[in-house]
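Step one of this worksheet: look at the structure below.
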Amino acid sequence: MKTGALRKLPTRPASSASGMSQGKFPETKGTTREYSRFWLTVVLLLWAMPCPAAPDSGQHQDVAQLNAWCLRCHGMSTMQYLDPTSGQSRNLHVDSAKFALSDHGRQACVTCHRNQLTDLPHPPATSVHHSCGDCHRGEKLIQRMRLVGITAQFNKSVHLQRNVPGFDCFSCHNPHESRLEDIARPEADVVQRDNGICSKCHGTLETNAGKHAVIPKASLHLKAVRCLDCHTPRPGSVIHAIEPAARAERTCEACHSRNSILLTKLYKYRLHESEQRAGFINGVVLSDYYVIGMTRHPFLDALGILGMGGALLGVLLHGAGRWLAMRRRTNHES
Amino acid sequence: MNPETVMKKKVLLYPLWVRLWHWSNALFFILLLVSGISLHFADPHTPFIPFAMARVIHNLSGLCLTAGFLLFVVNNWRSGNSRHYRPVRRLWLNRIMKQADFYSRGIFLGKHHPFPPTWEQKFNPLQQLTYLVIMYLVLPTVIVTGFMLWVPEWAPNRILGMDGFWPAAVMHYLIAVALGIFFIGHVYLVTVGETLTSQLKKMVTGWEDISLHEENDHERR
């Protein structure tokens with residue numbers, strides 16, 4: 001979504017382009033006239049160019065003022081709407097502070113919510129964008145390809161396959177709060193945030209701990225890994241293709257091994273740090289966890305193998321030496 | 001004096017509770033070692049023991065070994081068996097060196113054990129040092145770190161900017177390696193008795209031929 005689209009462009013005079021070609025500018029000396037034409041061309045070109053992506057302070061002010069008008073009501077934590085058809089209340093609250101810091105914080109509310117917003121209550125379907133792709137389709141090729149991949153995964157997800165009513169990108173990704181940079185936050189925060197999204201529909205940590213009783217120390221596991229890490233295909237980072245519970249990962253070794261699936265999921269964005277923490281393999285997790293079977297130290301592993309192997313070799317050699325010495329003594333005596 | 005001519009007496013040096021503890025401890029130790037190796041080197045493609053099963057074996061064996069250890073400490077103190085664990089301070093280093101010399105040279109030359117077992121001291125100096133460290137330092141540490149791994153809430157939250165769990169995990173692993181090395185040495189040393197199986201027999205029957213000659217009595221402290 002380009003912020004430049006919000007800028008109010010001045011109305012282009014109908015005669016501006018043709019005026020220059022018709023020579024309506026005052027006649028001056030050759031060089032002055034050429035300079036004038038050059039600068040006029042520059043000005044006209046700049047004027048005709050699309051707005052830059054980074055908005056100026058004036059535009060910020062416009063957006064802020066525009067949004068403040070919406071947030072006067074929607075900024076209230078109690079802002080709700082009782083849907084007369086379903087009888088359910090809908091939360092219409094937008095956290096102003098989180099929105100300002102979010103990736104969409106520089107957007108005006110009306111960029112997405114357009115229809116007759118001056119009427120109260122607003123008419124239904126005031127949101128014109130129904131998926132991330134509606135805005136993000138025009139960006140770089142690699143991002144477009146990624147979005148195509150995510151869409152394909154999303155279409156395979158159990159939520160779509162089972163036609164969960166109203167399920168879309170925004171069921172999980174809150175456009176008013178999402179921040180790409182959040183992926184760099186400590187894993188414990190990421191897990192808490194992501195599992196909180198699932199918990200909105202699938203129950204609290206406590207109720208889910210009961211459902212996951214097959215996992216040892218279920219509540220600890222649910223605090224340490226994301227629901228997505230087990231409830232999406234493996235291996236790989238296809239975390240939008242959420243699978244039915246029956247297909248969830250149940251093999252302990254999937255995570256508790258050197259090539260843990262967590263490295264392609266939860267720890268995907270930190271993989272480059274994996275060998276850089278105190279020499280541990282997958283040492284990135286040491287900031288939050290030590291995962292048995294996954295967090296290993298090559299030196300300590302080698303020490304263990306060499307130590308026990310050396311002991312075995314030592315006693316074999318000692319035993320062989322004793323046997324040879326005994327044979328020699330026996331031969332000598334006989 | 002020729003050890004062949006020394007008078008010997010058969011005594012019950014390993015009472016029933018010691019033998020029961022020893023063999024149950026051996027069983028749980030082997031289970032812990034095998035399941036522990038499987039857990040640490042877990043691989044979904046070539047599982048040594050499936051992780052879920054290895055975890056149960058490891059936890060139950062650890063619990064049993066801990067119970068056995070506590071019973072050992074109490075019984076050792078109450079029965080007087082602890083006398084074998086009290087270090088012989090007299091010429092301590094010399095005695096250790098003498099025993100080490102026997103294992104590295106004397107045993108190949110067919111010499112007799114420098115410190116045969118007696119009623120007061122069934123261990124040779126190296127054995128005593130090893131068992132003392134194993135029973136009263138290494139085993140308690142591996143038990144404590146093992147419980148920290150079992151109940152991670154007991155581990156400190158942070159250590160050196162990392163999760164507080166990792167020192168326990170690393171220490172548990174290193175001690176396990178040390179115990180593995182000890183186990184290999186221990187099993188091998190079973191064969192260095194008067195015959196290949198004499199040491200094994202005494203740990204099954206409990207009876208030991210001890211020397212009655214004063215010069216061989218190395219329990220004096």
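Within each chain, counting starts at residue 1; across the structure tokens, chains are named A, B, ... in the order shown, with ligands numbered 1 upward in that order.
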
Checklist entry - What residues in chain A have any atom no more than 9 Å from chain B when counting only C-alpha atoms, and can you write them as a ChimeraX atom specification? => result /A:216,220,251-254,256-259,285-294,296,300,303-305,307-312,314-316,318-319,321-326,329

Output C-alpha atoms for every residue in that selection, as a PDB file, in the first residue's frame.
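Generated file (selection_34.pdb):
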```
ATOM      1  CA  PRO A 216       4.758 -34.550  28.436  1.00  0.00           C
ATOM      2  CA  LEU A 220       5.388 -26.021  29.414  1.00  0.00           C
ATOM      3  CA  THR A 251       6.966 -37.409  16.955  1.00  0.00           C
ATOM      4  CA  CYS A 252       9.178 -36.067  19.721  1.00  0.00           C
ATOM      5  CA  GLU A 253      12.274 -36.361  17.509  1.00  0.00           C
ATOM      6  CA  ALA A 254      10.755 -33.894  15.057  1.00  0.00           C
ATOM      7  CA  HIS A 256      14.195 -33.036  19.780  1.00  0.00           C
ATOM      8  CA  SER A 257      16.916 -33.697  17.252  1.00  0.00           C
ATOM      9  CA  ARG A 258      19.779 -31.842  15.663  1.00  0.00           C
ATOM     10  CA  ASN A 259      17.704 -31.072  12.548  1.00  0.00           C
ATOM     11  CA  VAL A 285      17.725 -21.325  21.401  1.00  0.00           C
ATOM     12  CA  LEU A 286      20.004 -20.923  24.405  1.00  0.00           C
ATOM     13  CA  SER A 287      18.642 -17.419  24.794  1.00  0.00           C
ATOM     14  CA  ASP A 288      15.307 -18.952  25.724  1.00  0.00           C
ATOM     15  CA  TYR A 289      15.551 -22.698  26.045  1.00  0.00           C
ATOM     16  CA  TYR A 290      17.825 -25.718  26.041  1.00  0.00           C
ATOM     17  CA  VAL A 291      16.087 -28.302  23.892  1.00  0.00           C
ATOM     18  CA  ILE A 292      17.268 -31.839  24.640  1.00  0.00           C
ATOM     19  CA  GLY A 293      18.516 -33.499  21.472  1.00  0.00           C
ATOM     20  CA  MET A 294      18.463 -30.227  19.552  1.00  0.00           C
ATOM     21  CA  ARG A 296      24.232 -29.660  21.152  1.00  0.00           C
ATOM     22  CA  LEU A 300      31.146 -31.774  24.170  1.00  0.00           C
ATOM     23  CA  LEU A 303      34.439 -35.305  24.208  1.00  0.00           C
ATOM     24  CA  GLY A 304      31.739 -37.783  25.162  1.00  0.00           C
ATOM     25  CA  ILE A 305      32.349 -40.081  22.200  1.00  0.00           C
ATOM     26  CA  GLY A 307      35.987 -40.343  26.312  1.00  0.00           C
ATOM     27  CA  MET A 308      33.848 -43.450  26.229  1.00  0.00           C
ATOM     28  CA  GLY A 309      35.466 -44.784  23.079  1.00  0.00           C
ATOM     29  CA  GLY A 310      38.905 -44.159  24.584  1.00  0.00           C
ATOM     30  CA  ALA A 311      37.927 -45.954  27.787  1.00  0.00           C
ATOM     31  CA  LEU A 312      36.674 -48.921  25.786  1.00  0.00           C
ATOM     32  CA  GLY A 314      41.971 -48.615  26.853  1.00  0.00           C
ATOM     33  CA  VAL A 315      40.440 -51.592  28.640  1.00  0.00           C
ATOM     34  CA  LEU A 316      40.624 -53.692  25.466  1.00  0.00           C
ATOM     35  CA  HIS A 318      44.912 -53.516  28.820  1.00  0.00           C
ATOM     36  CA  GLY A 319      43.056 -56.818  28.629  1.00  0.00           C
ATOM     37  CA  GLY A 321      48.233 -56.957  27.287  1.00  0.00           C
ATOM     38  CA  ARG A 322      47.281 -59.071  30.293  1.00  0.00           C
ATOM     39  CA  TRP A 323      46.399 -62.005  28.095  1.00  0.00           C
ATOM     40  CA  LEU A 324      49.680 -61.789  26.187  1.00  0.00           C
ATOM     41  CA  ALA A 325      51.659 -61.440  29.414  1.00  0.00           C
ATOM     42  CA  MET A 326      49.892 -64.425  30.902  1.00  0.00           C
ATOM     43  CA  ARG A 329      54.480 -66.486  31.606  1.00  0.00           C
TER      44      ARG A 329
END
```

Mind checking which residues fall within 10 Å of B:Asn124, counting only C-alpha atoms, ignoring those fewer than 5 positions away in the same chain, and posting them as a PDB file with C-alpha atoms, in the first residue's frame?
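Output (around.pdb):
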```pdb
ATOM      1  CA  HIS B  84      35.131 -48.862  53.655  1.00  0.00           C
ATOM      2  CA  VAL B  88      43.027 -44.173  54.663  1.00  0.00           C
ATOM      3  CA  ARG B  95      49.285 -45.985  48.338  1.00  0.00           C
ATOM      4  CA  ILE B  96      47.441 -44.665  45.323  1.00  0.00           C
ATOM      5  CA  GLN B  99      47.988 -49.342  43.232  1.00  0.00           C
ATOM      6  CA  HIS B 113      47.400 -57.234  44.430  1.00  0.00           C
ATOM      7  CA  PRO B 114      49.203 -54.806  46.750  1.00  0.00           C
ATOM      8  CA  PHE B 115      46.085 -54.177  48.846  1.00  0.00           C
ATOM      9  CA  PRO B 116      43.968 -57.320  49.138  1.00  0.00           C
ATOM     10  CA  PRO B 117      40.584 -56.834  50.787  1.00  0.00           C
ATOM     11  CA  THR B 118      40.249 -57.069  54.546  1.00  0.00           C
ATOM     12  CA  LEU B 129      39.017 -42.715  46.033  1.00  0.00           C
ATOM     13  CA  THR B 130      36.888 -43.452  42.973  1.00  0.00           C
ATOM     14  CA  HIS B 218      45.927 -51.991  55.182  1.00  0.00           C
ATOM     15  CA  GLU B 219      42.927 -50.601  57.006  1.00  0.00           C
TER      16      GLU B 219
END
```

Item to check | Shell around stretch 168-171 of chain A at 9 Å using only C-alpha atoms, local window under 4 positions removed, as a count of residues only | outcome: 8

Item to check | strand (DSSP E) per DSSP on the backbone: members of chain B, as a ChimeraX atom specification | outcome: /B:8-12,158-159,162-163,207-211

Checklist entry - In Å, with one decimal, what is the gap from atom CA of A:Val164 to atom CA of A:Asp189? => result 27.8 Å

Next on the checklist: From a backbone DSSP assignment, name each residue in stretch 34-270 of chain A labelled helix (DSSP H, G or I), as a PyMOL selection string.
Outcome noted: chain A and resi 34-48+57-74+96-101+109-112+133-136+141-156+158-161+169-172+180-184+187-202+205-211+218-224+227-230+245-247+252-254+261-264+268-270

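The shortest atom-to-atom distance to A:Val148, with only C-alpha atoms taken into account, belongs to A:His240 out of A:Ala184, A:Arg247, A:His240, A:Gly283.
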
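Take atom CA of A:Tyr267 and atom CA of A:Gly105: the distance between them is 27.1 Å.
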
Checklist entry - Excluding same-chain residues fewer than 4 positions from stretch 196-207 of chain B, what lies within 8 Å of it counting only C-alpha atoms, as a list in words? => result Lys10, Val11, Leu12, Leu13, Tyr14, Pro15, Leu16, Arg19, Val190, Thr191 and Val192 of chain B

Prev. selection, N, CA and C atoms, output as a PDB file, in the first residue's frame:
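File written: out36.pdb
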```pdb
ATOM      1  N   LYS B  10      37.084 -66.851  55.250  1.00  0.00           N
ATOM      2  CA  LYS B  10      35.960 -66.476  54.399  1.00  0.00           C
ATOM      3  C   LYS B  10      34.986 -65.640  55.223  1.00  0.00           C
ATOM      4  N   VAL B  11      34.722 -64.451  54.788  1.00  0.00           N
ATOM      5  CA  VAL B  11      33.785 -63.577  55.524  1.00  0.00           C
ATOM      6  C   VAL B  11      32.739 -63.026  54.547  1.00  0.00           C
ATOM      7  N   LEU B  12      31.577 -62.654  55.118  1.00  0.00           N
ATOM      8  CA  LEU B  12      30.516 -62.062  54.288  1.00  0.00           C
ATOM      9  C   LEU B  12      30.800 -60.556  54.165  1.00  0.00           C
ATOM     10  N   LEU B  13      31.610 -60.221  53.174  1.00  0.00           N
ATOM     11  CA  LEU B  13      32.053 -58.821  53.012  1.00  0.00           C
ATOM     12  C   LEU B  13      30.997 -57.963  52.307  1.00  0.00           C
ATOM     13  N   TYR B  14      30.134 -58.624  51.563  1.00  0.00           N
ATOM     14  CA  TYR B  14      29.086 -57.886  50.829  1.00  0.00           C
ATOM     15  C   TYR B  14      27.719 -58.386  51.285  1.00  0.00           C
ATOM     16  N   PRO B  15      27.150 -57.774  52.317  1.00  0.00           N
ATOM     17  CA  PRO B  15      25.855 -58.240  52.823  1.00  0.00           C
ATOM     18  C   PRO B  15      24.756 -58.119  51.753  1.00  0.00           C
ATOM     19  N   LEU B  16      23.648 -58.761  52.033  1.00  0.00           N
ATOM     20  CA  LEU B  16      22.577 -58.852  51.038  1.00  0.00           C
ATOM     21  C   LEU B  16      22.123 -57.479  50.545  1.00  0.00           C
ATOM     22  N   ARG B  19      24.493 -56.090  48.027  1.00  0.00           N
ATOM     23  CA  ARG B  19      24.409 -56.760  46.725  1.00  0.00           C
ATOM     24  C   ARG B  19      23.135 -56.377  45.989  1.00  0.00           C
ATOM     25  N   VAL B 190      36.378 -55.964  36.984  1.00  0.00           N
ATOM     26  CA  VAL B 190      35.798 -57.198  37.526  1.00  0.00           C
ATOM     27  C   VAL B 190      36.696 -58.384  37.167  1.00  0.00           C
ATOM     28  N   THR B 191      37.370 -58.265  36.031  1.00  0.00           N
ATOM     29  CA  THR B 191      38.162 -59.405  35.524  1.00  0.00           C
ATOM     30  C   THR B 191      39.581 -59.468  36.104  1.00  0.00           C
ATOM     31  N   VAL B 192      39.944 -58.515  36.940  1.00  0.00           N
ATOM     32  CA  VAL B 192      41.334 -58.502  37.416  1.00  0.00           C
ATOM     33  C   VAL B 192      41.498 -59.162  38.789  1.00  0.00           C
TER      34      VAL B 192
END
```

Item to check | Shell around A:Ser178 at 9 Å using only C-alpha atoms, local window under 6 positions removed, as a ChimeraX atom specification | outcome: /A:98-99,101-104

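In this model, the gap between atom CA of A:Asn282 and atom CA of A:Arg270 comes to 9.5 Å.
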
Next on the checklist: Give me, as a VMD selection string, all polymer residues having an atom no more than 8 Å from stretch 134-142 of chain B, counting only C-alpha atoms and skipping those fewer than 2 positions away in the same chain.
Outcome noted: chain B and resid 130 to 132 144 to 146 171 to 172 175 to 176
